[in-house]
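Data first, discussion second: the structure below is written as structure tokens.
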Amino acid sequence: MINLYDCVLEGMAVYKAFFKRVIDFMLALLGLIILWPVLLVISIAVKCDSKGPAIFKQVRLGKNGKVFHMYKFRTMVVNAEAGGVYSDNNDPRVTKVGNILRKTSLDELPQCINILKGEMSLIGFRPPLTYHPWTWEEYTDEQKQMFDIRPGITGWAQVNGRKDVEWNKRIQLNVWYANNMSFLLDVKIFFMTIFKVFTNADNENTGATVVEKEKITSGESV
């Protein structure tokens, strides 16, 4: 007799190991082909708005804690990182064009290149900085479970609070996703992300992004 539960687990494993990567690659490639005029216009707008390159490269933590360069359209003045991490939409380092790109999430489009390179996925966890909220060594073994998969342009934490969620909670959501990844869940996150982007929901830090580290427990909390 076929065990339905085992079949579901096997299907999730095959999707995670093979089909998710194929879908990511095809969608990223298709997106770059279709949206290249938009990418060109944005690049010109960024260059005309302030001095510096159109594309901003930032070191992030990826799958298994591997460091990689994540691409974004530049939304802040050059050398803005010297002033600390981004605070809110009123941050004076954000350019006029950058403010629009952040509100519409169009600054994330260059990450399609990261997907083609195999560094990112369409849906996963948002790759943290190498020093914020913590260094790799400071994550607990349970927290490191979120790094078992590729980071994504969007993810379970983004559709359940986005920037309004403190980092310990974000990691908890990311760990849950890593342990429950499936095609249907990714479809759900995809459409929830579209809604979040169009409504600009939870797209501003409203409180402390990091509090004292607490033990994270796996499990769906929302």
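Following the order of the structure tokens, chains are lettered A, B, ..., residues in each are numbered from 1, and ligands are numbered from 1.
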Per DSSP on the backbone, what are the strand (DSSP E or B) residues of region 14-109 of chain A, as a PyMOL selection string? chain A and resi 55-61+67-73+76+94
Export, as a PDB file, in the first residue's frame, the selected residues with C-alpha atoms.
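Below is the file that was written, result.pdb:
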ATOM      1  CA  ILE A  55      24.890  48.256 -10.038  1.00  0.00           C
ATOM      2  CA  PHE A  56      25.825  47.870  -6.400  1.00  0.00           C
ATOM      3  CA  LYS A  57      27.651  44.734  -5.269  1.00  0.00           C
ATOM      4  CA  GLN A  58      27.464  43.730  -1.635  1.00  0.00           C
ATOM      5  CA  VAL A  59      29.014  40.779   0.194  1.00  0.00           C
ATOM      6  CA  ARG A  60      26.353  38.496   1.669  1.00  0.00           C
ATOM      7  CA  LEU A  61      26.088  35.069   3.292  1.00  0.00           C
ATOM      8  CA  VAL A  67      30.156  34.378   0.948  1.00  0.00           C
ATOM      9  CA  PHE A  68      29.064  35.813  -2.420  1.00  0.00           C
ATOM     10  CA  HIS A  69      28.455  39.177  -4.088  1.00  0.00           C
ATOM     11  CA  MET A  70      24.773  40.064  -4.354  1.00  0.00           C
ATOM     12  CA  TYR A  71      23.766  42.496  -7.100  1.00  0.00           C
ATOM     13  CA  LYS A  72      21.297  45.343  -6.703  1.00  0.00           C
ATOM     14  CA  PHE A  73      20.599  48.621  -8.435  1.00  0.00           C
ATOM     15  CA  MET A  76      22.160  55.118  -2.015  1.00  0.00           C
ATOM     16  CA  VAL A  94      18.973  57.205  -0.240  1.00  0.00           C
TER      17      VAL A  94
END
Using backbone DSSP assignments, extract all helix (DSSP H, G or I) residues from region 24-203 of chain A; output them as a ChimeraX atom specification. /A:24-49,63-65,80-83,96-104,106-108,111-116,136-138,143-148,158-160,162-164,167-180,183-199
May I have the residues within 12 Å of Val159 (chain A) as a PyMOL selection string, using only C-alpha atoms and disregarding those fewer than 3 positions away in the same chain? chain A and resi 123-126+153-156+162-165+170+173-174+177+185-186+188-197+199-203+222
Take the residues from that selection and put them in a file with C-alpha atoms, as a CSV table (one decimal), in the first residue's frame.
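Okay, again33.csv is ready:
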chain,number,residue,atom,x,y,z
A,123,ILE,CA,12.4,32.1,-3.2
A,124,GLY,CA,14.5,31.4,-0.1
A,125,PHE,CA,15.8,33.5,2.8
A,126,ARG,CA,17.0,37.0,2.3
A,153,ILE,CA,14.9,37.4,-3.8
A,154,THR,CA,11.8,36.9,-1.6
A,155,GLY,CA,10.9,34.4,1.1
A,156,TRP,CA,8.6,33.2,3.9
A,162,ARG,CA,9.2,41.8,5.8
A,163,LYS,CA,11.2,44.7,7.3
A,164,ASP,CA,8.7,44.9,10.2
A,165,VAL,CA,10.0,41.6,11.7
A,170,ARG,CA,12.9,36.3,10.6
A,173,LEU,CA,10.5,31.9,9.8
A,174,ASN,CA,13.5,31.1,7.5
A,177,TYR,CA,10.7,27.4,5.4
A,185,LEU,CA,4.5,26.8,-0.7
A,186,ASP,CA,6.7,28.6,-3.2
A,188,LYS,CA,1.9,30.8,-2.3
A,189,ILE,CA,5.0,32.9,-1.4
A,190,PHE,CA,5.3,34.2,-5.0
A,191,PHE,CA,1.7,35.6,-5.2
A,192,MET,CA,1.9,36.9,-1.6
A,193,THR,CA,5.1,38.8,-2.6
A,194,ILE,CA,3.3,40.4,-5.6
A,195,PHE,CA,0.6,41.6,-3.2
A,196,LYS,CA,3.2,43.0,-0.8
A,197,VAL,CA,5.1,44.8,-3.5
A,199,THR,CA,0.7,47.5,-1.7
A,200,ASN,CA,4.2,48.5,-0.4
A,201,ALA,CA,3.3,46.7,2.8
A,202,ASP,CA,5.9,46.2,5.7
A,203,ASN,CA,8.5,48.0,3.6
A,222,VAL,CA,2.2,32.6,11.8
Compare A:Pro133, A:Lys144, A:Asn3, A:Cys112 by their minimum atom-to-atom distance to Ile33 (chain A), counting only C-alpha atoms, and give me the closest one.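 Result for the nearest residue to Ile33 (chain A): A:Cys112.
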Restricting the calculation to only C-alpha atoms, which member of A:Val78, A:Leu109, A:Ala28, A:Ile23 is positioned closest to Ser50 (chain A)? A:Val78
Looking at A:Thr104, A:Asn90, A:Gln145, A:Ser43, which one is nearest to Arg74 (chain A), with distances taken over only C-alpha atoms? A:Ser43
